[in-house]
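*Asks:* Sending over final-v5.pdb (PDB, N, CA and C atoms).
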ATOM      1  N   MET A 805      11.112  -0.316  13.675
ATOM      2  CA  MET A 805      10.438  -0.650  12.440
ATOM      3  C   MET A 805       9.314   0.358  12.202
ATOM      4  N   SER A 806       9.204   0.829  10.982
ATOM      5  CA  SER A 806       8.151   1.779  10.616
ATOM      6  C   SER A 806       6.910   1.040  10.148
ATOM      7  N   GLU A 807       5.773   1.666  10.363
ATOM      8  CA  GLU A 807       4.501   1.117   9.900
ATOM      9  C   GLU A 807       3.888   2.085   8.903
ATOM     10  N   TYR A 808       3.396   1.556   7.796
ATOM     11  CA  TYR A 808       2.811   2.364   6.735
ATOM     12  C   TYR A 808       1.336   2.034   6.581
ATOM     13  N   VAL A 809       0.526   3.056   6.394
ATOM     14  CA  VAL A 809      -0.907   2.894   6.194
ATOM     15  C   VAL A 809      -1.158   2.400   4.772
ATOM     16  N   VAL A 810      -2.022   1.412   4.649
ATOM     17  CA  VAL A 810      -2.506   0.949   3.349
ATOM     18  C   VAL A 810      -3.981   1.307   3.270
ATOM     19  N   ILE A 811      -4.365   1.961   2.188
ATOM     20  CA  ILE A 811      -5.764   2.323   1.959
ATOM     21  C   ILE A 811      -6.339   1.363   0.927
ATOM     22  N   TYR A 812      -7.487   0.766   1.259
ATOM     23  CA  TYR A 812      -8.198  -0.130   0.341
ATOM     24  C   TYR A 812      -9.479   0.559  -0.097
ATOM     25  N   GLU A 813      -9.761   0.515  -1.387
ATOM     26  CA  GLU A 813     -10.982   1.106  -1.922
ATOM     27  C   GLU A 813     -11.650   0.119  -2.872
ATOM     28  N   GLN A 814     -12.955  -0.014  -2.725
ATOM     29  CA  GLN A 814     -13.704  -0.899  -3.615
ATOM     30  C   GLN A 814     -14.342  -0.070  -4.728
ATOM     31  N   ALA A 815     -14.147  -0.513  -5.960
ATOM     32  CA  ALA A 815     -14.718   0.159  -7.122
ATOM     33  C   ALA A 815     -16.178  -0.244  -7.298
ATOM     34  N   GLU A 816     -16.880   0.494  -8.120
ATOM     35  CA  GLU A 816     -18.284   0.192  -8.375
ATOM     36  C   GLU A 816     -18.492  -1.189  -8.970
ATOM     37  N   ASP A 817     -17.495  -1.687  -9.707
ATOM     38  CA  ASP A 817     -17.619  -3.021 -10.314
ATOM     39  C   ASP A 817     -17.261  -4.143  -9.343
ATOM     40  N   GLY A 818     -16.916  -3.799  -8.097
ATOM     41  CA  GLY A 818     -16.601  -4.800  -7.083
ATOM     42  C   GLY A 818     -15.120  -5.090  -6.923
ATOM     43  N   ALA A 819     -14.298  -4.651  -7.864
ATOM     44  CA  ALA A 819     -12.849  -4.863  -7.763
ATOM     45  C   ALA A 819     -12.291  -3.969  -6.648
ATOM     46  N   TRP A 820     -11.079  -4.268  -6.222
ATOM     47  CA  TRP A 820     -10.442  -3.530  -5.138
ATOM     48  C   TRP A 820      -9.133  -2.909  -5.597
ATOM     49  N   GLY A 821      -8.839  -1.748  -5.041
ATOM     50  CA  GLY A 821      -7.553  -1.090  -5.234
ATOM     51  C   GLY A 821      -6.930  -0.853  -3.881
ATOM     52  N   ALA A 822      -5.614  -0.719  -3.863
ATOM     53  CA  ALA A 822      -4.891  -0.443  -2.626
ATOM     54  C   ALA A 822      -3.725   0.475  -2.941
ATOM     55  N   TYR A 823      -3.401   1.345  -1.991
ATOM     56  CA  TYR A 823      -2.227   2.191  -2.163
ATOM     57  C   TYR A 823      -1.668   2.563  -0.799
ATOM     58  N   ILE A 824      -0.402   2.966  -0.799
ATOM     59  CA  ILE A 824       0.276   3.396   0.420
ATOM     60  C   ILE A 824       0.567   4.885   0.248
ATOM     61  N   PRO A 825      -0.162   5.754   0.956
ATOM     62  CA  PRO A 825      -0.022   7.196   0.731
ATOM     63  C   PRO A 825       1.397   7.740   0.909
ATOM     64  N   ASP A 826       2.175   7.137   1.779
ATOM     65  CA  ASP A 826       3.533   7.617   2.028
ATOM     66  C   ASP A 826       4.551   7.167   0.987
ATOM     67  N   LEU A 827       4.150   6.263   0.105
ATOM     68  CA  LEU A 827       5.079   5.719  -0.879
ATOM     69  C   LEU A 827       4.481   5.879  -2.283
ATOM     70  N   PRO A 828       4.701   7.014  -2.913
ATOM     71  CA  PRO A 828       4.106   7.280  -4.222
ATOM     72  C   PRO A 828       4.399   6.168  -5.225
ATOM     73  N   GLY A 829       3.365   5.755  -5.919
ATOM     74  CA  GLY A 829       3.525   4.717  -6.937
ATOM     75  C   GLY A 829       3.345   3.304  -6.434
ATOM     76  N   VAL A 830       3.251   3.122  -5.117
ATOM     77  CA  VAL A 830       3.034   1.779  -4.574
ATOM     78  C   VAL A 830       1.518   1.552  -4.535
ATOM     79  N   VAL A 831       1.025   0.908  -5.585
ATOM     80  CA  VAL A 831      -0.406   0.676  -5.768
ATOM     81  C   VAL A 831      -0.628  -0.760  -6.223
ATOM     82  N   ALA A 832      -1.859  -1.226  -6.062
ATOM     83  CA  ALA A 832      -2.193  -2.592  -6.490
ATOM     84  C   ALA A 832      -3.686  -2.671  -6.768
ATOM     85  N   LEU A 833      -4.046  -3.600  -7.625
ATOM     86  CA  LEU A 833      -5.446  -3.878  -7.949
ATOM     87  C   LEU A 833      -5.702  -5.363  -7.799
ATOM     88  N   GLY A 834      -6.948  -5.706  -7.494
ATOM     89  CA  GLY A 834      -7.324  -7.109  -7.406
ATOM     90  C   GLY A 834      -8.817  -7.286  -7.548
ATOM     91  N   ALA A 835      -9.210  -8.464  -7.934
ATOM     92  CA  ALA A 835     -10.631  -8.772  -8.068
ATOM     93  C   ALA A 835     -11.307  -8.832  -6.699
ATOM     94  N   THR A 836     -10.520  -9.163  -5.659
ATOM     95  CA  THR A 836     -11.028  -9.219  -4.291
ATOM     96  C   THR A 836     -10.115  -8.381  -3.395
ATOM     97  N   ARG A 837     -10.598  -8.085  -2.192
ATOM     98  CA  ARG A 837      -9.747  -7.329  -1.274
ATOM     99  C   ARG A 837      -8.494  -8.130  -0.930
ATOM    100  N   GLN A 838      -8.641  -9.427  -0.753
ATOM    101  CA  GLN A 838      -7.474 -10.253  -0.425
ATOM    102  C   GLN A 838      -6.444 -10.227  -1.549
ATOM    103  N   GLU A 839      -6.919 -10.286  -2.774
ATOM    104  CA  GLU A 839      -5.997 -10.228  -3.913
ATOM    105  C   GLU A 839      -5.274  -8.874  -3.947
ATOM    106  N   ALA A 840      -6.005  -7.790  -3.691
ATOM    107  CA  ALA A 840      -5.371  -6.471  -3.628
ATOM    108  C   ALA A 840      -4.366  -6.413  -2.478
ATOM    109  N   ALA A 841      -4.702  -7.023  -1.344
ATOM    110  CA  ALA A 841      -3.789  -7.049  -0.197
ATOM    111  C   ALA A 841      -2.517  -7.816  -0.531
ATOM    112  N   ASP A 842      -2.667  -8.968  -1.164
ATOM    113  CA  ASP A 842      -1.483  -9.746  -1.551
ATOM    114  C   ASP A 842      -0.599  -8.942  -2.493
ATOM    115  N   ARG A 843      -1.231  -8.265  -3.433
ATOM    116  CA  ARG A 843      -0.470  -7.507  -4.435
ATOM    117  C   ARG A 843       0.168  -6.252  -3.856
ATOM    118  N   ILE A 844      -0.474  -5.596  -2.878
ATOM    119  CA  ILE A 844       0.152  -4.403  -2.296
ATOM    120  C   ILE A 844       1.373  -4.803  -1.479
ATOM    121  N   HIS A 845       1.327  -5.973  -0.859
ATOM    122  CA  HIS A 845       2.507  -6.463  -0.134
ATOM    123  C   HIS A 845       3.644  -6.753  -1.111
ATOM    124  N   GLU A 846       3.326  -7.323  -2.252
ATOM    125  CA  GLU A 846       4.343  -7.567  -3.288
ATOM    126  C   GLU A 846       4.910  -6.252  -3.804
ATOM    127  N   ALA A 847       4.040  -5.267  -4.027
ATOM    128  CA  ALA A 847       4.492  -3.964  -4.512
ATOM    129  C   ALA A 847       5.390  -3.280  -3.481
ATOM    130  N   PHE A 848       5.031  -3.413  -2.201
ATOM    131  CA  PHE A 848       5.852  -2.839  -1.134
ATOM    132  C   PHE A 848       7.236  -3.487  -1.108
ATOM    133  N   GLU A 849       7.274  -4.802  -1.215
ATOM    134  CA  GLU A 849       8.561  -5.502  -1.236
ATOM    135  C   GLU A 849       9.412  -5.065  -2.418
ATOM    136  N   ALA A 850       8.798  -4.940  -3.593
ATOM    137  CA  ALA A 850       9.538  -4.503  -4.783
ATOM    138  C   ALA A 850      10.065  -3.078  -4.591
ATOM    139  N   TYR A 851       9.250  -2.224  -4.007
ATOM    140  CA  TYR A 851       9.645  -0.832  -3.760
ATOM    141  C   TYR A 851      10.843  -0.775  -2.814
ATOM    142  N   THR A 852      10.772  -1.525  -1.716
ATOM    143  CA  THR A 852      11.864  -1.497  -0.745
ATOM    144  C   THR A 852      13.138  -2.110  -1.324
ATOM    145  N   GLU A 853      13.012  -3.151  -2.124
ATOM    146  CA  GLU A 853      14.184  -3.746  -2.769
ATOM    147  C   GLU A 853      14.835  -2.756  -3.725
ATOM    148  N   ASP A 854      14.016  -2.010  -4.464
ATOM    149  CA  ASP A 854      14.548  -1.008  -5.384
ATOM    150  C   ASP A 854      15.297   0.085  -4.627
ATOM    151  N   LEU A 855      14.713   0.548  -3.527
ATOM    152  CA  LEU A 855      15.404   1.557  -2.713
ATOM    153  C   LEU A 855      16.727   1.013  -2.195
ATOM    154  N   HIS A 856      16.720  -0.217  -1.723
ATOM    155  CA  HIS A 856      17.940  -0.844  -1.214
ATOM    156  C   HIS A 856      19.001  -0.921  -2.310
ATOM    157  N   ASP A 857      18.598  -1.329  -3.506
ATOM    158  CA  ASP A 857      19.533  -1.433  -4.626
ATOM    159  C   ASP A 857      20.154  -0.086  -4.984
ATOM    160  N   ARG A 858      19.413   0.993  -4.731
ATOM    161  CA  ARG A 858      19.915   2.339  -5.024
ATOM    162  C   ARG A 858      20.487   3.029  -3.780
ATOM    163  N   SER A 859      20.693   2.246  -2.709
ATOM    164  CA  SER A 859      21.252   2.752  -1.442
ATOM    165  C   SER A 859      20.450   3.914  -0.883
ATOM    166  N   GLN A 860      19.118   3.819  -0.989
ATOM    167  CA  GLN A 860      18.237   4.843  -0.438
ATOM    168  C   GLN A 860      17.403   4.238   0.683
ATOM    169  N   SER A 861      16.923   5.095   1.558
ATOM    170  CA  SER A 861      16.113   4.663   2.693
ATOM    171  C   SER A 861      14.637   4.915   2.418
ATOM    172  N   LEU A 862      13.797   4.154   3.096
ATOM    173  CA  LEU A 862      12.363   4.401   3.037
ATOM    174  C   LEU A 862      12.063   5.750   3.676
ATOM    175  N   PRO A 863      11.137   6.528   3.101
ATOM    176  CA  PRO A 863      10.747   7.764   3.771
ATOM    177  C   PRO A 863       9.990   7.446   5.058
ATOM    178  N   ALA A 864      10.066   8.357   5.993
ATOM    179  CA  ALA A 864       9.341   8.170   7.253
ATOM    180  C   ALA A 864       7.840   8.237   6.989
ATOM    181  N   PRO A 865       7.074   7.380   7.651
ATOM    182  CA  PRO A 865       5.621   7.441   7.485
ATOM    183  C   PRO A 865       5.072   8.757   8.032
ATOM    184  N   ARG A 866       4.082   9.320   7.326
ATOM    185  CA  ARG A 866       3.466  10.567   7.748
ATOM    186  C   ARG A 866       1.954  10.439   7.874
ATOM    187  N   HIS A 867       1.403   9.307   7.511
ATOM    188  CA  HIS A 867      -0.039   9.122   7.556
ATOM    189  C   HIS A 867      -0.425   8.154   8.680
ATOM    190  N   ALA A 868      -1.620   8.375   9.205
ATOM    191  CA  ALA A 868      -2.183   7.483  10.196
ATOM    192  C   ALA A 868      -3.638   7.248   9.802
ATOM    193  N   ALA A 869      -4.240   6.202  10.324
ATOM    194  CA  ALA A 869      -5.625   5.896   9.985
ATOM    195  C   ALA A 869      -6.401   5.531  11.240
ATOM    196  N   GLU A 870      -7.670   5.745  11.161
ATOM    197  CA  GLU A 870      -8.570   5.418  12.258
ATOM    198  C   GLU A 870      -9.902   5.019  11.642
ATOM    199  N   VAL A 871     -10.574   4.106  12.277
ATOM    200  CA  VAL A 871     -11.907   3.692  11.840
ATOM    201  C   VAL A 871     -12.909   4.274  12.821
ATOM    202  N   ILE A 872     -13.924   4.935  12.286
ATOM    203  CA  ILE A 872     -14.979   5.518  13.110
ATOM    204  C   ILE A 872     -16.282   4.784  12.810
ATOM    205  N   SER A 873     -16.950   4.354  13.843
ATOM    206  CA  SER A 873     -18.231   3.666  13.674
ATOM    207  C   SER A 873     -19.380   4.662  13.709
ATOM    208  N   ALA A 874     -20.382   4.396  12.885
ATOM    209  CA  ALA A 874     -21.545   5.295  12.869
ATOM    210  C   ALA A 874     -22.785   4.538  13.304
TER     211      ALA A 874
END
Take the structure in the file and write it out as structure tokens.

*Replies:*
Amino acid sequence: MSEYVVIYEQAEDGAWGAYIPDLPGVVALGATRQEAADRIHEAFEAYTEDLHDRSQSLPAPRHAAEVISA
């Protein structure tokens, strides 16, 4: 099973965005981080279903993430 990085970003107005760098167009917005997380999972499912319907495979993940404390 492949693992894909999800990036969450908070806007100045407090809303949240999320995207998966390895899967162009898989993005989501939400009023809260949890809402953005729920929506990015839905977007990922829709993306994978579309690929399946077109007999295509998910691209291999190429991104990794790390958290650094300061």

*Asks:* Can you pull out the residues contacting region 832-847 of chain A? Cut-off 6 Å, using all atoms listed in the file, and skip same-chain residues under 3 positions away; I want them as an NGL selection string.

*Replies:* :A and (818-823 or 850-852)

*Asks:* Using only C-alpha atoms, find all polymer residues with an atom at most 12 Å away from the point (10.2, 7.3, 2.6); report them as a list in words.

*Replies:* Ser806, Glu807, Tyr808, Ile824, Pro825, Asp826, Leu827, Pro828, Gly829, Val830, Phe848, Tyr851, Thr852, Leu855, His856, Gln860, Ser861, Leu862, Pro863, Ala864, Pro865, Arg866 and His867 of chain A

*Asks:* Considering only helix (DSSP H, G or I) as DSSP defines it on the backbone, what residues of chain A qualify? List them as a count of residues only.

*Replies:* 21

*Asks:* Choose the residue, out of A:Asp817, A:Val810, A:Glu853, A:Val831, that has the smallest atom-to-atom separation from Ala868 (chain A); count all atoms listed in the file.

*Replies:* A:Val810

*Asks:* Quick one: pull the distance between CA of Met805 (chain A) and atom C of Ile872 (chain A), Å, one decimal.

*Replies:* 27.3 Å

*Asks:* Enter the distance from atom C of Ala874 (chain A) to atom N of Val809 (chain A), in Å, rounded to one decimal.

*Replies:*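 If I compute the distance from atom C of Ala874 (chain A) to atom N of Val809 (chain A), I get 24.4 Å.
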